[in-house]
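*Asks:* Would you mind keeping the following structure in view while I ask a few things?
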Amino acid sequence: MNAASLRLGQNCGRWLGGLVYPVGIRVGRVFIMATAARDRLAQVLRGEGGAGAAPSMELALPVGDIRVDVEGFGQLQYPVSAAQAKKLIKLGAPARFGKGEATITDPEVRDTWEVPRDRVRVEWDEAALAAVLGDIREGLGLPWQCAVDIDLHSMLVYEKGQFFVAHQDSEKDDAMIGTLVVTLPSACTGGVLLVGQGEDCLAYTGSRTAHTLVAFYADRRHEVLPVKSGYRITVTYNLLLRGDTSGHATGDDAVIAELAHCLTEHFTTGAVRYYGGPAGDPPSRLAYLLDHEYTPRSLMWSRLKGADASRCDRLRAAAGKAGCEVVLALADVKETHSAYDADAYYERGRYSRYRDWDGEGDAGQDGGSGTYVIDDLVDSEVAITHWLGSDGERTEDASLPIWSHEACASTPSGALQPYQSSYEGYMGNWGNTLDRWYKRGVILIWPRERAFANRAEVSPAWALDELDARARSGDVAGARVAAGTLGSFWANAARAGESALLPKALRTASALADAAAAMALLEPFHVETLGAEHAAALGAVAVRYGGEWAEELLRTWFGDSKSWDYARGRRDWALTLPELSQALRATGSPGTDLARQLLALTWEWLRGRVTGEVASRSPSRREQALSELGEPLTALLRAAARLEATHLVEEVTDFVRIQPHEVIPLLLAALRGASTLPDDLRGDRGFADLAKGCAARLRILLDQAPRAASDWSIQLAPGGCACDLCATLTTFLADPRRRAFEWPLRKDDRHHVHSRIDVAELPVTHVTRRTGRPYTLVLTKTEALFDAEREAQARDMASLAWLAAEWTAPSSSRS
């Protein structure tokens with residue numbers, strides 16, 4: 001991190017009152033600021049954590065303290081000569097590395113030789129090894145009650161030009177917390193080991209006269225720069241933790257009391273809004289971001305690293321004092337900075353991928369690349385990805401966004417090593433930003449009375465199962481209280497997983513034995529989720545709470561009239577009505593009533609859609625939309641017939657009867673869908689009435705006298721704009737003798753006329769003649785007027801013939 005970006009980060013921190021997150025999160029038009037309590041807590045813990053663990057540490061041992069024997073070679077002599085190194089290479093193979101689930105070789109990523117581990121035997125001086133392990137434990141900030149052990153991992157030989165790009169070690173053992181690299185004495189230049197980033201990045205070189213030992217936590221990114229001359233020979237170990245890092249922190253009772261006070265204030269003070277106005281609700285949780293990265297495998301209270309362990313001990317003690325629950329978790333953090341390519345500011349070539357670390361150099365930002373100049377932090381996001389389960393042992397997947405007013409950290413993410421970066425150059429309206437992603441351990445804290453709601457937000461399915469289990473075990477009152485804490489997020493959570501959650505929600509709603517609680521639990525769902533498989537559970541809940549309650553629920557699931565046109569999958573769901581209605585009817589009288597209510601609400605929605613589409617001024621859109629509504633109409637009439645809902649059938653046919661001829665595509669699509677039904681269903685009165693009415697409309701259209709060759713009149717559909725321009729356009733179109741019209745108009749007026757002609761798909765060209773002022777819009781009626789009428793007549797004749805063959809004759813034979 002350069003001085004400029006560090007200074008900007010500090011200034012932003014003071015703007016929010018502390019070393020927490022410099023920038024809030026915008027929610028709609030509301031910008032939620034941090035609270036003082038959260039800032040104070042992070043500052044207290046920062047002080048209590050002390051200097052914490054260094055990103056890495058270095059030790060040196062005399063050559064006699066480590067002896068290395070290699071099968072097929074013998075004992076190494078120090079310093080390792082070029083001849084010895086070449087013999088070792090012959091025993092080795094290209095080193096591999098892990099990528100996802102695979103282990104691969106790629107010389108563009110890792111270019112070095114690896115001697116098989118089973119050939120290597122390393123003997124340490126016992127006293128020297130004990131001293132080294134003690135120094136590593138202390139240097140990494142681990143409690144004295146713990147111990148560190150080592151397990152041989154690999155022996156590597158780097159020759160000239162070989163390297164290993166920046167990476168992070170994976171955990172090879174449940175007890176692994178870090179890596180120890182032992183560089184054997186040799187005459188080597190280059191091959192520098194870089195550990196950390198920015199101002200915390202440290203460079204380690206080997207020695208000709210001593211063993212060089214470098215230890216670091218497994219979450220530290222590191223790399224080996226290319227060897228310039230000679231050979232770099234290393235023996236690497238997994239650092240294993242023996243003992244428990246938690247529960248050893250000693251601290252002033254006043255510190256614990258101050259932290260507890262901060263927690264109490266945090267959970268009882270509404271979030272301050274950036275634009276002023278009343279404060280929001282108090283936060284539901286607090287996420288304290290730890291300094292180190294952990295994996296799901298290593299997420300344990302007993303394996304916390306460095307200052308994380310002591311800070312967590314104090315937080316857990318304070319949480320108990322404040323009546324809170326504590327959960328250990330993992331988070332992904334994304335930060336977006338305004339940034340600029342260094343070439344825009346500095347002379348090209350000043351920065352290079354590999355610096356001369358044998359001489360002078362300065363670690364650049366972002367993993368040492370030094371590519372970008374970083375300015376303000378413009379946005380940050382935190383999302384929980386894993387946490388320890390309620391038993392405190394198993395790591396579970398989790399998905400929980402953390403808002404800015406819920407998060408704090410003693411160490412800003414910008415001071416840590418990102419695992420991924422992405423620069424977006426200037427793109428006009430956006431760009432010149434650098435996105436950086438981090439993985440961090442997290443301590444989640446929430447009041448005990450909100451514990452259920454916080455866990456439910458991550459796993460709504462678990463919450464429903466838990467509520468049902470509590471109610472059925474006799475704790476109905478407790479289940480109702482817990483259900484009442486879901487309100488702030490339940491709507492979004494339920495809608496995100498409707499199909500899987502609805503069966504559980506119906507069962508749980510019945511078990512709660514409370515109409516209001518059941519309604520609150522079920523109302524976020526949509527009717528499109530409801531299927532025949534839910535009929536029994538829906539019928540049971542309707543029996544428990546009554547018909548009026550059930551009707552209100554169904555109307556809620558349908559949504560208000562303004563949102564119906566945008567309901568997801570409503571058309572496809574309507575096709576399932578016959579099966580759904582039959583399944584509801586099979587549950588008994590309440591189920592039959594529910595089925596009829598569903599049909600009535602579906603017809604309400606369908607009628608509104610038909611009315612709107614019939615009025616559409618675009619013929620092609622109108623025909624397509626009405627045709628798509630034909631199948632739902634068929635399904636509705638089929639379901640009504642099964643329920644003997646004659647009143648609804650009459651309502652449908654009465655509505656269709658008064659519609660204009662534009663409704664014909666709807667009727668034909670519905671009848672074509674019904675034509676494949678068995679005869680007993682095709683003979684239903686509803687379909688017979690539709691077929692009769694459709695045939696009558698087609699005959700009226702076909703009985704009209706054909707257009708005369710000299711008749712150029714065009715009827716503009718009624719409705720829409722009633723301005724003077726449209727009145728003039730209507731007059732021109734209706735004139736049977738007038739084919740062209742030259743119309744001087746301003747630009748905005750021409751655009752309006754263009755739009756009216758295009759939307760109505762009129763057989764009229766409209767071209768602007770760009771001479772004079774204003775320009776002249778030239779309208780010309782085209783021969784497509786006659787072609788369209790001939791095509792429509794042929795189509796109507798074919799449709800009438802199909803109706804006669806499929807409906808009229810069969811209907812008369814059955815009557």
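Just so we're on the same page: first chain in the structure tokens is A, next is B, and so on; residues restart at 1 for each chain, and ligands are numbered from 1 in the order they show up.
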Could you name the residues that touch Val44 of chain A at 9 Å or less, counting only C-alpha atoms, but leaving out those on the same chain fewer than 5 positions away, as a count of residues only?
*Replies:* 6
*Asks:* Would you write out, as CSV, a table of all residues in segment 529-603 of chain A that have an atom no more than 7 Å from an atom of segment 501-523 of chain A, listing for each the closest atom pair and the distance in Å to one decimal, considering only C-alpha atoms and ordering rows by chain and rising residue number?
*Replies:*
```
residue,atom,partner,partner_atom,distance
A:His534,CA,A:Pro503,CA,6.5
A:Ala537,CA,A:Leu506,CA,5.9
A:Leu538,CA,A:Leu506,CA,6.5
A:Val541,CA,A:Ser510,CA,5.2
A:Arg544,CA,A:Ser510,CA,6.9
A:Tyr545,CA,A:Ala515,CA,6.0
A:Leu553,CA,A:Glu523,CA,6.4
A:Thr556,CA,A:Glu523,CA,6.2
A:Trp557,CA,A:Glu523,CA,6.5
```
*Asks:* Looking at only C-alpha atoms, which of A:His386, A:Arg242, A:Lys305, A:Arg750 is the one that sits closest to Phe216 of chain A?
*Replies:*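 Closest to Phe216 of chain A, using only C-alpha atoms: A:Lys305.
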*Asks:* So that each row is one residue of segment 25-127 of chain A with an atom at most 12 Å from segment 186-195 of chain A, can you give its shortest atom pair and the distance in Å to one decimal, using only C-alpha atoms, rows by chain and rising number, as JSON lines?
*Replies:*
```
{"residue": "A:Ala54", "atom": "CA", "partner": "A:Val195", "partner_atom": "CA", "distance": 10.5}
{"residue": "A:Pro55", "atom": "CA", "partner": "A:Val195", "partner_atom": "CA", "distance": 7.1}
{"residue": "A:Ser56", "atom": "CA", "partner": "A:Val195", "partner_atom": "CA", "distance": 6.7}
{"residue": "A:Met57", "atom": "CA", "partner": "A:Val195", "partner_atom": "CA", "distance": 9.5}
{"residue": "A:Glu58", "atom": "CA", "partner": "A:Val195", "partner_atom": "CA", "distance": 11.0}
{"residue": "A:Val63", "atom": "CA", "partner": "A:Ser186", "partner_atom": "CA", "distance": 11.0}
{"residue": "A:Leu76", "atom": "CA", "partner": "A:Ser186", "partner_atom": "CA", "distance": 11.1}
{"residue": "A:Gln77", "atom": "CA", "partner": "A:Ser186", "partner_atom": "CA", "distance": 9.8}
{"residue": "A:Tyr78", "atom": "CA", "partner": "A:Ser186", "partner_atom": "CA", "distance": 7.0}
{"residue": "A:Pro79", "atom": "CA", "partner": "A:Ser186", "partner_atom": "CA", "distance": 4.5}
{"residue": "A:Val80", "atom": "CA", "partner": "A:Ser186", "partner_atom": "CA", "distance": 4.9}
{"residue": "A:Ser81", "atom": "CA", "partner": "A:Ser186", "partner_atom": "CA", "distance": 6.6}
{"residue": "A:Ala82", "atom": "CA", "partner": "A:Ala187", "partner_atom": "CA", "distance": 8.4}
{"residue": "A:Ala83", "atom": "CA", "partner": "A:Ser186", "partner_atom": "CA", "distance": 11.5}
{"residue": "A:Gln84", "atom": "CA", "partner": "A:Ser186", "partner_atom": "CA", "distance": 10.4}
{"residue": "A:Ala85", "atom": "CA", "partner": "A:Ser186", "partner_atom": "CA", "distance": 9.5}
{"residue": "A:Asp111", "atom": "CA", "partner": "A:Gly191", "partner_atom": "CA", "distance": 11.7}
{"residue": "A:Thr112", "atom": "CA", "partner": "A:Gly191", "partner_atom": "CA", "distance": 11.0}
```
*Asks:* Between A:Cys723, A:Val227, A:Leu133, A:Ala322, which residue has the minimum interatomic distance to Lys160 of chain A, considering only C-alpha atoms?
*Replies:*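 Counting only C-alpha atoms, the residue closest to Lys160 of chain A is A:Val227.
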*Asks:* List as a count of residues only the protein and nucleic acid residues near segment 450-459 of chain A, meaning an atom at most 6 Å away when only C-alpha atoms are counted, but skip any in the same chain fewer than 5 places from it.
*Replies:* 5
